[in-house]
file my_file.pdb (PDB, C-alpha atoms)
ATOM      1  CA  MET L   1     -35.677 -77.227 -37.558
ATOM      2  CA  ARG L   2     -35.533 -73.429 -37.607
ATOM      3  CA  ALA L   3     -34.918 -71.130 -34.638
ATOM      4  CA  ILE L   4     -36.556 -67.812 -35.473
ATOM      5  CA  ARG L   5     -35.836 -64.860 -33.218
ATOM      6  CA  GLY L   6     -37.654 -61.599 -32.683
ATOM      7  CA  ALA L   7     -38.192 -58.759 -30.251
ATOM      8  CA  THR L   8     -40.338 -55.705 -29.675
ATOM      9  CA  THR L   9     -40.803 -52.990 -27.098
ATOM     10  CA  ILE L  10     -43.861 -51.573 -25.372
ATOM     11  CA  LEU L  11     -44.556 -48.017 -24.238
ATOM     12  CA  SER L  12     -46.014 -48.945 -20.855
ATOM     13  CA  ASP L  13     -46.446 -52.066 -18.732
ATOM     14  CA  THR L  14     -50.138 -52.748 -19.332
ATOM     15  CA  PRO L  15     -51.927 -55.936 -20.440
ATOM     16  CA  ASP L  16     -53.346 -54.200 -23.513
ATOM     17  CA  GLN L  17     -49.907 -52.993 -24.640
ATOM     18  CA  ILE L  18     -48.467 -56.476 -24.200
ATOM     19  CA  ARG L  19     -51.360 -58.137 -26.068
ATOM     20  CA  VAL L  20     -51.093 -55.779 -29.043
ATOM     21  CA  SER L  21     -47.282 -55.947 -29.250
ATOM     22  CA  VAL L  22     -47.060 -59.740 -28.895
ATOM     23  CA  LYS L  23     -49.717 -60.281 -31.566
ATOM     24  CA  GLU L  24     -47.974 -57.869 -33.956
ATOM     25  CA  LEU L  25     -44.597 -59.534 -33.370
ATOM     26  CA  LEU L  26     -45.816 -63.115 -33.796
ATOM     27  CA  ASN L  27     -47.915 -62.332 -36.854
ATOM     28  CA  GLY L  28     -44.922 -60.552 -38.373
ATOM     29  CA  ILE L  29     -42.714 -63.609 -37.852
ATOM     30  CA  VAL L  30     -45.349 -65.962 -39.247
ATOM     31  CA  GLU L  31     -45.884 -63.814 -42.336
ATOM     32  CA  LYS L  32     -42.203 -63.214 -43.041
ATOM     33  CA  ASN L  33     -41.309 -66.890 -42.643
ATOM     34  CA  LYS L  34     -44.489 -68.193 -44.335
ATOM     35  CA  LEU L  35     -45.171 -70.418 -41.323
ATOM     36  CA  LYS L  36     -48.144 -72.728 -41.094
ATOM     37  CA  THR L  37     -49.741 -73.516 -37.747
ATOM     38  CA  GLY L  38     -48.564 -77.130 -37.771
ATOM     39  CA  GLN L  39     -44.939 -76.096 -38.280
ATOM     40  CA  ILE L  40     -44.640 -74.189 -34.985
ATOM     41  CA  ILE L  41     -43.293 -76.466 -32.255
ATOM     42  CA  CYS L  42     -42.934 -73.997 -29.409
ATOM     43  CA  ILE L  43     -42.764 -70.283 -28.656
ATOM     44  CA  MET L  44     -40.450 -69.073 -25.878
ATOM     45  CA  PHE L  45     -40.658 -65.532 -24.508
ATOM     46  CA  SER L  46     -38.388 -63.568 -22.237
ATOM     47  CA  SER L  47     -39.172 -60.077 -21.013
ATOM     48  CA  THR L  48     -37.216 -57.440 -19.151
ATOM     49  CA  GLU L  49     -37.771 -57.096 -15.404
ATOM     50  CA  ASP L  50     -39.845 -53.923 -15.853
ATOM     51  CA  ILE L  51     -42.659 -55.912 -17.569
ATOM     52  CA  LYS L  52     -44.782 -57.532 -14.854
ATOM     53  CA  SER L  53     -48.445 -56.916 -15.614
ATOM     54  CA  TYR L  54     -49.062 -59.769 -18.062
ATOM     55  CA  TYR L  55     -47.351 -62.880 -19.367
ATOM     56  CA  PRO L  56     -46.399 -62.631 -23.095
ATOM     57  CA  ALA L  57     -47.183 -66.355 -23.412
ATOM     58  CA  LYS L  58     -50.746 -65.702 -22.259
ATOM     59  CA  ALA L  59     -51.028 -62.891 -24.804
ATOM     60  CA  ALA L  60     -49.802 -65.289 -27.504
ATOM     61  CA  ARG L  61     -52.486 -67.821 -26.600
ATOM     62  CA  GLU L  62     -55.127 -65.114 -26.760
ATOM     63  CA  ALA L  63     -53.769 -64.138 -30.196
ATOM     64  CA  GLY L  64     -54.590 -67.613 -31.497
ATOM     65  CA  PHE L  65     -51.305 -69.467 -30.994
ATOM     66  CA  THR L  66     -52.860 -72.428 -29.222
ATOM     67  CA  ALA L  67     -51.432 -75.435 -31.073
ATOM     68  CA  CYS L  68     -47.880 -75.239 -29.683
ATOM     69  CA  ALA L  69     -46.046 -75.095 -26.382
ATOM     70  CA  LEU L  70     -45.726 -71.597 -24.872
ATOM     71  CA  TYR L  71     -43.203 -70.415 -22.297
ATOM     72  CA  SER L  72     -42.489 -67.090 -20.573
ATOM     73  CA  SER L  73     -39.476 -66.134 -18.476
ATOM     74  CA  LEU L  74     -38.210 -62.995 -16.796
ATOM     75  CA  GLU L  75     -34.778 -61.620 -17.678
ATOM     76  CA  PRO L  76     -32.398 -60.465 -14.934
ATOM     77  CA  GLU L  77     -31.832 -56.724 -14.582
ATOM     78  CA  ILE L  78     -28.798 -55.646 -16.599
ATOM     79  CA  ASP L  79     -27.359 -52.129 -16.551
ATOM     80  CA  GLY L  80     -27.714 -50.430 -19.919
ATOM     81  CA  ALA L  81     -30.068 -53.066 -21.323
ATOM     82  CA  LEU L  82     -33.031 -52.063 -23.489
ATOM     83  CA  LYS L  83     -36.080 -51.338 -21.322
ATOM     84  CA  MET L  84     -39.649 -52.596 -21.802
ATOM     85  CA  CYS L  85     -38.465 -55.301 -24.204
ATOM     86  CA  ILE L  86     -40.132 -58.617 -25.089
ATOM     87  CA  ARG L  87     -37.955 -61.180 -26.850
ATOM     88  CA  VAL L  88     -39.141 -64.369 -28.502
ATOM     89  CA  MET L  89     -37.712 -67.503 -30.062
ATOM     90  CA  ILE L  90     -39.908 -69.738 -32.190
ATOM     91  CA  LEU L  91     -38.828 -73.286 -32.954
ATOM     92  CA  ALA L  92     -40.426 -74.470 -36.180
ATOM     93  CA  ASP L  93     -40.161 -77.332 -38.638
ATOM     94  CA  GLY L  94     -38.531 -76.633 -41.996
ATOM     95  CA  ASP L  95     -35.117 -76.110 -43.558
ATOM     96  CA  ASP L  96     -35.567 -72.606 -44.990
ATOM     97  CA  ALA L  97     -33.389 -69.797 -43.658
ATOM     98  CA  ALA L  98     -34.908 -68.076 -40.627
ATOM     99  CA  GLU L  99     -36.154 -64.525 -41.148
ATOM    100  CA  HIS L 100     -35.891 -62.714 -37.828
ATOM    101  CA  VAL L 101     -38.209 -59.825 -36.926
ATOM    102  CA  TYR L 102     -37.373 -56.847 -34.693
ATOM    103  CA  LEU L 103     -39.966 -54.139 -34.158
ATOM    104  CA  ASN L 104     -40.266 -50.716 -32.520
ATOM    105  CA  GLY L 105     -37.385 -49.895 -30.154
ATOM    106  CA  ALA L 106     -35.999 -53.424 -30.501
ATOM    107  CA  LYS L 107     -34.823 -52.566 -34.020
ATOM    108  CA  ASN L 108     -31.710 -51.125 -32.374
ATOM    109  CA  LEU L 109     -30.797 -54.629 -31.209
ATOM    110  CA  ARG L 110     -30.342 -55.841 -34.792
ATOM    111  CA  LYS L 111     -29.491 -52.932 -37.064
ATOM    112  CA  ASP L 112     -27.950 -55.451 -39.459
ATOM    113  CA  ILE L 113     -31.405 -56.741 -40.405
ATOM    114  CA  THR L 114     -33.660 -53.781 -39.598
ATOM    115  CA  SER L 115     -31.729 -51.137 -41.565
ATOM    116  CA  ILE L 116     -30.654 -51.115 -45.193
ATOM    117  CA  LEU L 117     -27.277 -52.835 -45.281
ATOM    118  CA  ASN L 118     -25.078 -52.461 -48.367
ATOM    119  CA  ILE L 119     -21.703 -54.180 -48.754
ATOM    120  CA  ALA L 120     -19.359 -53.417 -51.664
ATOM    121  CA  VAL L 121     -16.737 -56.011 -52.600
ATOM    122  CA  ASP L 122     -14.194 -55.273 -55.316
ATOM    123  CA  GLY L 123     -11.136 -57.110 -56.520
ATOM    124  CA  PRO L 124      -9.407 -58.767 -59.459
ATOM    125  CA  ALA L 125     -10.619 -61.901 -61.232
ATOM    126  CA  GLY L 126     -10.095 -65.076 -59.225
ATOM    127  CA  SER L 127      -9.943 -63.391 -55.821
ATOM    128  CA  GLY L 128     -13.085 -65.265 -54.741
ATOM    129  CA  LYS L 129     -15.496 -62.325 -54.796
ATOM    130  CA  SER L 130     -18.656 -63.995 -56.096
ATOM    131  CA  THR L 131     -18.305 -67.153 -53.983
ATOM    132  CA  VAL L 132     -17.671 -65.107 -50.844
ATOM    133  CA  CYS L 133     -20.522 -62.687 -51.567
ATOM    134  CA  LYS L 134     -23.053 -65.462 -52.119
ATOM    135  CA  GLU L 135     -22.106 -67.043 -48.795
ATOM    136  CA  ILE L 136     -22.283 -63.712 -46.946
ATOM    137  CA  ALA L 137     -25.676 -62.955 -48.497
ATOM    138  CA  GLN L 138     -26.990 -66.299 -47.270
ATOM    139  CA  ARG L 139     -25.513 -65.848 -43.805
ATOM    140  CA  LEU L 140     -26.893 -62.325 -43.355
ATOM    141  CA  GLY L 141     -30.168 -62.961 -45.153
ATOM    142  CA  ILE L 142     -29.604 -60.199 -47.699
ATOM    143  CA  LEU L 143     -29.633 -60.062 -51.496
ATOM    144  CA  TYR L 144     -26.563 -60.976 -53.508
ATOM    145  CA  LEU L 145     -27.108 -58.531 -56.341
ATOM    146  CA  ASP L 146     -25.847 -60.346 -59.411
ATOM    147  CA  THR L 147     -25.025 -57.330 -61.577
ATOM    148  CA  GLY L 148     -23.991 -59.611 -64.420
ATOM    149  CA  ALA L 149     -27.556 -60.888 -64.665
ATOM    150  CA  MET L 150     -28.693 -57.361 -65.434
ATOM    151  CA  TYR L 151     -26.390 -57.117 -68.450
ATOM    152  CA  ARG L 152     -27.453 -60.600 -69.504
ATOM    153  CA  ALA L 153     -31.071 -59.447 -69.496
ATOM    154  CA  ILE L 154     -30.258 -56.739 -72.028
ATOM    155  CA  ALA L 155     -28.499 -59.268 -74.229
ATOM    156  CA  TYR L 156     -31.461 -61.638 -73.909
ATOM    157  CA  LYS L 157     -33.791 -58.829 -74.972
ATOM    158  CA  CYS L 158     -31.736 -58.373 -78.149
ATOM    159  CA  VAL L 159     -31.895 -62.108 -78.882
ATOM    160  CA  LYS L 160     -35.583 -62.450 -78.051
ATOM    161  CA  ASP L 161     -36.581 -59.500 -80.243
ATOM    162  CA  ASN L 162     -34.085 -60.454 -82.956
ATOM    163  CA  ARG L 163     -32.372 -57.060 -82.723
ATOM    164  CA  ASP L 164     -28.868 -56.212 -83.949
ATOM    165  CA  TYR L 165     -26.778 -55.886 -80.774
ATOM    166  CA  GLY L 166     -23.899 -54.558 -82.904
ATOM    167  CA  ASP L 167     -25.904 -51.468 -83.810
ATOM    168  CA  LYS L 168     -25.389 -48.916 -81.039
ATOM    169  CA  ASP L 169     -28.585 -47.033 -81.880
ATOM    170  CA  VAL L 170     -30.623 -50.225 -81.694
ATOM    171  CA  VAL L 171     -29.233 -51.090 -78.265
ATOM    172  CA  LYS L 172     -29.781 -47.517 -77.099
ATOM    173  CA  HIS L 173     -33.410 -47.761 -78.228
ATOM    174  CA  ILE L 174     -33.806 -50.963 -76.162
ATOM    175  CA  ILE L 175     -32.136 -49.414 -73.108
ATOM    176  CA  ASN L 176     -34.344 -46.336 -73.201
ATOM    177  CA  ARG L 177     -37.459 -48.527 -73.111
ATOM    178  CA  LEU L 178     -36.119 -51.316 -70.922
ATOM    179  CA  ASN L 179     -38.528 -52.744 -68.348
ATOM    180  CA  LEU L 180     -36.082 -54.521 -66.055
ATOM    181  CA  LYS L 181     -36.635 -55.273 -62.379
ATOM    182  CA  VAL L 182     -34.741 -57.272 -59.790
ATOM    183  CA  GLU L 183     -36.535 -58.840 -56.829
ATOM    184  CA  TYR L 184     -35.409 -60.833 -53.811
ATOM    185  CA  ARG L 185     -37.564 -63.941 -53.319
ATOM    186  CA  ASP L 186     -36.935 -66.887 -51.026
ATOM    187  CA  GLY L 187     -33.285 -65.967 -50.615
ATOM    188  CA  LYS L 188     -32.411 -65.547 -54.283
ATOM    189  CA  GLN L 189     -32.421 -62.942 -57.007
ATOM    190  CA  ILE L 190     -35.227 -62.950 -59.543
ATOM    191  CA  THR L 191     -34.626 -61.055 -62.801
ATOM    192  CA  LEU L 192     -37.815 -59.761 -64.414
ATOM    193  CA  LEU L 193     -37.815 -58.541 -68.023
ATOM    194  CA  ASP L 194     -41.084 -57.066 -69.266
ATOM    195  CA  GLY L 195     -42.734 -58.752 -66.294
ATOM    196  CA  GLU L 196     -41.338 -62.204 -67.184
ATOM    197  CA  ASP L 197     -39.011 -64.164 -64.916
ATOM    198  CA  VAL L 198     -35.942 -64.680 -67.126
ATOM    199  CA  SER L 199     -33.574 -65.807 -64.347
ATOM    200  CA  GLU L 200     -32.859 -69.123 -66.098
ATOM    201  CA  LEU L 201     -33.275 -67.959 -69.700
ATOM    202  CA  ILE L 202     -30.358 -65.525 -69.424
ATOM    203  CA  ARG L 203     -27.852 -68.264 -68.514
ATOM    204  CA  THR L 204     -27.206 -69.656 -72.013
ATOM    205  CA  PRO L 205     -23.697 -69.425 -73.557
ATOM    206  CA  GLN L 206     -25.061 -67.235 -76.356
ATOM    207  CA  VAL L 207     -26.521 -64.700 -73.922
ATOM    208  CA  SER L 208     -23.325 -64.737 -71.836
ATOM    209  CA  LEU L 209     -21.253 -63.876 -74.893
ATOM    210  CA  LEU L 210     -23.596 -61.087 -75.979
ATOM    211  CA  ALA L 211     -23.735 -59.672 -72.446
ATOM    212  CA  SER L 212     -20.004 -59.016 -72.536
ATOM    213  CA  TYR L 213     -20.474 -57.195 -75.831
ATOM    214  CA  VAL L 214     -23.425 -54.958 -74.895
ATOM    215  CA  SER L 215     -21.861 -54.050 -71.540
ATOM    216  CA  SER L 216     -19.076 -52.289 -73.432
ATOM    217  CA  TYR L 217     -21.491 -49.513 -74.403
ATOM    218  CA  SER L 218     -21.111 -46.639 -71.910
ATOM    219  CA  PHE L 219     -24.838 -45.792 -72.012
ATOM    220  CA  VAL L 220     -25.675 -49.389 -71.066
ATOM    221  CA  ARG L 221     -23.374 -49.210 -68.060
ATOM    222  CA  THR L 222     -24.809 -45.832 -67.032
ATOM    223  CA  LYS L 223     -28.318 -47.276 -67.087
ATOM    224  CA  MET L 224     -27.351 -50.370 -65.114
ATOM    225  CA  VAL L 225     -25.387 -48.449 -62.479
ATOM    226  CA  ALA L 226     -28.406 -46.198 -61.921
ATOM    227  CA  LEU L 227     -30.626 -49.262 -61.467
ATOM    228  CA  GLN L 228     -28.118 -50.897 -59.096
ATOM    229  CA  ARG L 229     -28.072 -47.760 -56.961
ATOM    230  CA  GLU L 230     -31.864 -47.674 -56.929
ATOM    231  CA  ILE L 231     -32.014 -51.292 -55.735
ATOM    232  CA  ALA L 232     -29.359 -50.672 -53.059
ATOM    233  CA  GLU L 233     -31.328 -47.716 -51.688
ATOM    234  CA  LYS L 234     -34.333 -49.942 -51.029
ATOM    235  CA  THR L 235     -32.829 -53.379 -50.363
ATOM    236  CA  SER L 236     -30.072 -54.742 -48.141
ATOM    237  CA  CYS L 237     -27.598 -56.285 -50.561
ATOM    238  CA  ILE L 238     -24.007 -57.191 -51.305
ATOM    239  CA  LEU L 239     -22.422 -56.408 -54.689
ATOM    240  CA  ASP L 240     -19.125 -57.448 -56.185
ATOM    241  CA  GLY L 241     -17.196 -56.114 -59.155
ATOM    242  CA  ARG L 242     -14.363 -53.823 -60.156
ATOM    243  CA  ASP L 243     -15.668 -50.403 -59.137
ATOM    244  CA  ILE L 244     -18.561 -50.986 -56.752
ATOM    245  CA  GLY L 245     -16.935 -49.059 -53.915
ATOM    246  CA  THR L 246     -15.469 -46.311 -56.088
ATOM    247  CA  ASN L 247     -18.284 -45.696 -58.572
ATOM    248  CA  VAL L 248     -21.468 -47.696 -58.131
ATOM    249  CA  LEU L 249     -21.867 -47.188 -54.354
ATOM    250  CA  PRO L 250     -19.214 -44.624 -53.408
ATOM    251  CA  LYS L 251     -21.054 -43.725 -50.162
ATOM    252  CA  CYS L 252     -21.437 -47.344 -49.085
ATOM    253  CA  ARG L 253     -20.487 -47.792 -45.433
ATOM    254  CA  PHE L 254     -18.956 -51.237 -45.812
ATOM    255  CA  LYS L 255     -16.311 -51.617 -48.521
ATOM    256  CA  PHE L 256     -13.880 -54.471 -49.035
ATOM    257  CA  TYR L 257     -11.169 -55.167 -51.573
ATOM    258  CA  LEU L 258     -10.278 -58.829 -52.044
ATOM    259  CA  THR L 259      -6.980 -59.683 -53.632
ATOM    260  CA  ALA L 260      -4.564 -62.581 -54.048
ATOM    261  CA  SER L 261      -1.363 -63.171 -55.970
ATOM    262  CA  PRO L 262      -1.772 -63.849 -59.714
ATOM    263  CA  GLU L 263      -0.325 -67.325 -59.172
ATOM    264  CA  VAL L 264      -2.877 -68.222 -56.500
ATOM    265  CA  ARG L 265      -5.753 -66.884 -58.578
ATOM    266  CA  ALA L 266      -4.483 -68.772 -61.607
ATOM    267  CA  ASN L 267      -4.361 -71.981 -59.577
ATOM    268  CA  ARG L 268      -7.971 -71.478 -58.540
ATOM    269  CA  ARG L 269      -9.134 -70.887 -62.088
ATOM    270  CA  PHE L 270      -7.042 -73.791 -63.328
ATOM    271  CA  ASP L 271      -8.661 -76.156 -60.804
ATOM    272  CA  GLU L 272     -12.130 -74.865 -61.757
ATOM    273  CA  ASP L 273     -11.367 -75.367 -65.442
ATOM    274  CA  ARG L 274     -10.136 -78.910 -64.877
ATOM    275  CA  ALA L 275     -13.207 -79.759 -62.787
ATOM    276  CA  LYS L 276     -15.361 -78.740 -65.750
ATOM    277  CA  GLY L 277     -13.313 -80.829 -68.167
ATOM    278  CA  GLY L 278     -11.284 -77.919 -69.540
ATOM    279  CA  LYS L 279      -7.958 -78.380 -71.305
ATOM    280  CA  GLN L 280      -6.133 -75.131 -70.528
ATOM    281  CA  THR L 281      -2.670 -75.400 -69.050
ATOM    282  CA  TYR L 282      -1.727 -73.565 -65.873
ATOM    283  CA  GLU L 283       0.561 -71.304 -67.915
ATOM    284  CA  GLN L 284      -2.334 -70.323 -70.185
ATOM    285  CA  VAL L 285      -4.589 -69.571 -67.242
ATOM    286  CA  LEU L 286      -1.880 -67.468 -65.577
ATOM    287  CA  GLN L 287      -1.395 -65.517 -68.787
ATOM    288  CA  ASP L 288      -5.149 -64.938 -69.007
ATOM    289  CA  ILE L 289      -5.212 -63.701 -65.403
ATOM    290  CA  ASN L 290      -2.373 -61.249 -66.014
ATOM    291  CA  GLU L 291      -3.982 -59.967 -69.213
ATOM    292  CA  ARG L 292      -7.351 -59.604 -67.474
ATOM    293  CA  ASP L 293      -5.719 -57.660 -64.625
ATOM    294  CA  PHE L 294      -4.129 -55.243 -67.083
ATOM    295  CA  GLN L 295      -7.391 -54.755 -68.984
ATOM    296  CA  ASP L 296      -9.474 -54.299 -65.829
ATOM    297  CA  LYS L 297      -7.096 -51.733 -64.350
ATOM    298  CA  ASN L 298      -6.893 -49.742 -67.581
ATOM    299  CA  LYS L 299     -10.531 -49.636 -68.650
ATOM    300  CA  ALA L 300     -11.763 -46.193 -69.683
ATOM    301  CA  VAL L 301     -14.984 -46.823 -67.716
ATOM    302  CA  GLY L 302     -15.359 -48.976 -64.618
ATOM    303  CA  ALA L 303     -11.669 -49.652 -64.066
ATOM    304  CA  LEU L 304     -10.602 -51.934 -61.215
ATOM    305  CA  LYS L 305      -9.597 -49.760 -58.281
ATOM    306  CA  LYS L 306      -9.510 -50.060 -54.514
ATOM    307  CA  ALA L 307     -11.593 -47.414 -52.731
ATOM    308  CA  ASP L 308      -9.590 -45.318 -50.281
ATOM    309  CA  ASP L 309     -11.849 -46.408 -47.416
ATOM    310  CA  ALA L 310     -12.040 -50.092 -48.379
ATOM    311  CA  ILE L 311     -10.639 -52.810 -46.131
ATOM    312  CA  GLU L 312      -8.181 -54.919 -48.110
ATOM    313  CA  ILE L 313      -8.128 -58.662 -47.525
ATOM    314  CA  ASP L 314      -5.465 -60.850 -49.116
ATOM    315  CA  THR L 315      -7.190 -64.183 -49.687
ATOM    316  CA  SER L 316      -4.085 -66.016 -50.929
ATOM    317  CA  ASP L 317      -3.792 -68.212 -47.840
ATOM    318  CA  MET L 318      -7.422 -68.079 -46.688
ATOM    319  CA  SER L 319     -10.328 -70.434 -47.176
ATOM    320  CA  ILE L 320     -13.713 -69.153 -48.359
ATOM    321  CA  THR L 321     -15.075 -69.620 -44.834
ATOM    322  CA  GLU L 322     -12.222 -67.588 -43.342
ATOM    323  CA  VAL L 323     -12.813 -64.712 -45.775
ATOM    324  CA  VAL L 324     -16.564 -64.782 -45.089
ATOM    325  CA  GLU L 325     -15.984 -64.720 -41.329
ATOM    326  CA  ALA L 326     -13.493 -61.857 -41.676
ATOM    327  CA  ILE L 327     -15.931 -59.676 -43.631
ATOM    328  CA  ILE L 328     -18.942 -60.455 -41.442
ATOM    329  CA  GLY L 329     -16.827 -59.767 -38.362
ATOM    330  CA  LYS L 330     -15.816 -56.339 -39.676
ATOM    331  CA  VAL L 331     -19.423 -55.491 -40.568
ATOM    332  CA  GLN L 332     -20.726 -56.525 -37.143
ATOM    333  CA  GLU L 333     -18.019 -54.490 -35.402
ATOM    334  CA  ARG L 334     -19.409 -51.312 -36.963
ATOM    335  CA  ILE L 335     -23.153 -51.973 -36.703
TER     336      ILE L 335
END
call {"tool": "encode", "arguments": {"input": "my_file.pdb", "output": "structure tokens"}}
result
Amino acid sequence: MRAIRGATTILSDTPDQIRVSVKELLNGIVEKNKLKTGQIICIMFSSTEDIKSYYPAKAAREAGFTACALYSSLEPEIDGALKMCIRVMILADGDDAAEHVYLNGAKNLRKDITSILNIAVDGPAGSGKSTVCKEIAQRLGILYLDTGAMYRAIAYKCVKDNRDYGDKDVVKHIINRLNLKVEYRDGKQITLLDGEDVSELIRTPQVSLLASYVSSYSFVRTKMVALQREIAEKTSCILDGRDIGTNVLPKCRFKFYLTASPEVRANRRFDEDRAKGGKQTYEQVLQDINERDFQDKNKAVGALKKADDAIEIDTSDMSITEVVEAIIGKVQERI
């Protein structure tokens, strides 16, 4: 079962204002959550004490919501509370994540979902960035922008068109004519190349290897950073990498730097490798981690660096859930 919340405000306490606002709010929730009539179990309204002319539940019934239970209640007067506000909770069948809807003056109640929210997470390999970011994206209902998928799409284009990825001019020609889009559908990222959904096609070992190669070209990175910024301007999202907070989204309001000791990060990678049937020793993994750290910190472009205004979190002795809660807590403190 899903509990979907929403709220709106009205300009004046009149039946017509309440009818229009309730219909707009409920239709918005239904559309955003792709609800069918049979899925809605009940709709519960509460309204501030300054709304007395008409019951929101009656307005909902008039708007066509007749196949479910409807309730209305009056909220107690609270100093400083938002005036002329109608709140709603819809209980509906289904396991999909709830998409809450806040309209008009009620948007100020949930700026985390009514404004563009960007979160930048940087840190060394093995600090838990991608796992944490995916969980936060799911919790907040925002896009986890998989920047790696964007580089994979370029590599896939080279493979698909049988182009020489080792020829800089060839890759530059592809980049200059690249038709690449990223969309957020049903809680996940969809990568579109020339209008085709290539989200699964770009996950082959061959494409992964080529992606690392083509991303070394500075003009490729410039193109991708520009696209990432464009997406972040229009879509609430969380990004992780080496220089998200310092280069990709330097004006981002929420910046975090995850770190952990090389030994802890090596242990994590070692356990992951073993779970996949790998044969590397812990000593080899630790050496790889140390070498990767050196390379990432000394890259000519996109070097690993903590932004001056980033909040640093040492994840050495923290679980994924604890890190997620820490970041979400910091974000909510400032919204």
call {"tool": "residues_around", "arguments": {"input": "my_file.pdb", "residues": "Ile18 (chain L)", "least_positions_apart": "3", "cutoff": "9 Å", "atoms": "only C-alpha atoms", "output": "PyMOL selection string"}}
result
chain L and resi 9-10+12-15+21-23+51+53-56+59+86
call {"tool": "resolve_selection", "arguments": {"input": "my_file.pdb", "expression": "the PyMOL selection byres ((chain L and resi 152-160) around 8)", "output": "ChimeraX atom specification"}}
result
/L:148-151,161-165,171,174-175,180,191,193,198,201-203,207-208,210-211,214
call {"tool": "resolve_selection", "arguments": {"input": "my_file.pdb", "expression": "the PyMOL selection byres ((chain L and resi 119) around 7)", "output": "list of chain:residue names"}}
result
L:Leu117, L:Asn118, L:Ala120, L:Val121, L:Cys237, L:Ile238, L:Leu239, L:Cys252, L:Phe254, L:Lys255
call {"tool": "resolve_selection", "arguments": {"input": "my_file.pdb", "expression": "the PyMOL selection byres ((chain L and resi 181) around 10)", "output": "PyMOL selection string"}}
result
chain L and resi 150+153+178-180+182-183+190-197+227+231
call {"tool": "atom_distance", "arguments": {"input": "my_file.pdb", "atom1": "CA of Pro124 (chain L)", "atom2": "CA of Lys168 (chain L)"}}
result
28.6 Å
call {"tool": "closest_residue", "arguments": {"input": "my_file.pdb", "among": "L:Ala3, L:Val30, L:Ile289, L:Val170", "to": "Phe270 (chain L)", "atoms": "only C-alpha atoms"}}
result
L:Ile289
call {"tool": "atom_distance", "arguments": {"input": "my_file.pdb", "atom1": "CA of Glu77 (chain L)", "atom2": "CA of Glu49 (chain L)"}}
result
6.0 Å
call {"tool": "closest_residue", "arguments": {"input": "my_file.pdb", "among": "L:Leu70, L:Ala300, L:Cys85, L:Ile244", "to": "Leu11 (chain L)", "atoms": "all atoms listed in the file"}}
result
L:Cys85
call {"tool": "closest_residue", "arguments": {"input": "my_file.pdb", "among": "L:Ile43, L:Leu209, L:Ala326, L:Ala310", "to": "Val132 (chain L)", "atoms": "only C-alpha atoms"}}
result
L:Ala326
call {"tool": "atom_distance", "arguments": {"input": "my_file.pdb", "atom1": "CA of Asp240 (chain L)", "atom2": "CA of Asp146 (chain L)"}}
result
8.0 Å
call {"tool": "closest_residue", "arguments": {"input": "my_file.pdb", "among": "L:Gly80, L:Gly141, L:Pro250, L:Pro262", "to": "Thr235 (chain L)", "atoms": "all atoms listed in the file"}}
result
L:Gly141
call {"tool": "residues_around", "arguments": {"input": "my_file.pdb", "residues": "region 94-109 of chain L", "least_positions_apart": "5", "cutoff": "10 Å", "atoms": "all atoms listed in the file", "output": "ChimeraX atom specification"}}
result
/L:1-11,21,24-26,28-35,39-40,82-89,114-115,138-141,186-187,335
call {"tool": "residues_around", "arguments": {"input": "my_file.pdb", "residues": "Thr321 (chain L)", "least_positions_apart": "5", "cutoff": "12 Å", "atoms": "only C-alpha atoms", "output": "PyMOL selection string"}}
result
chain L and resi 128+131-136+139+315+326-329
call {"tool": "closest_residue", "arguments": {"input": "my_file.pdb", "among": "L:Thr147, L:Cys42, L:Ala125, L:Gly245", "to": "Ser215 (chain L)", "atoms": "all atoms listed in the file"}}
result
L:Thr147
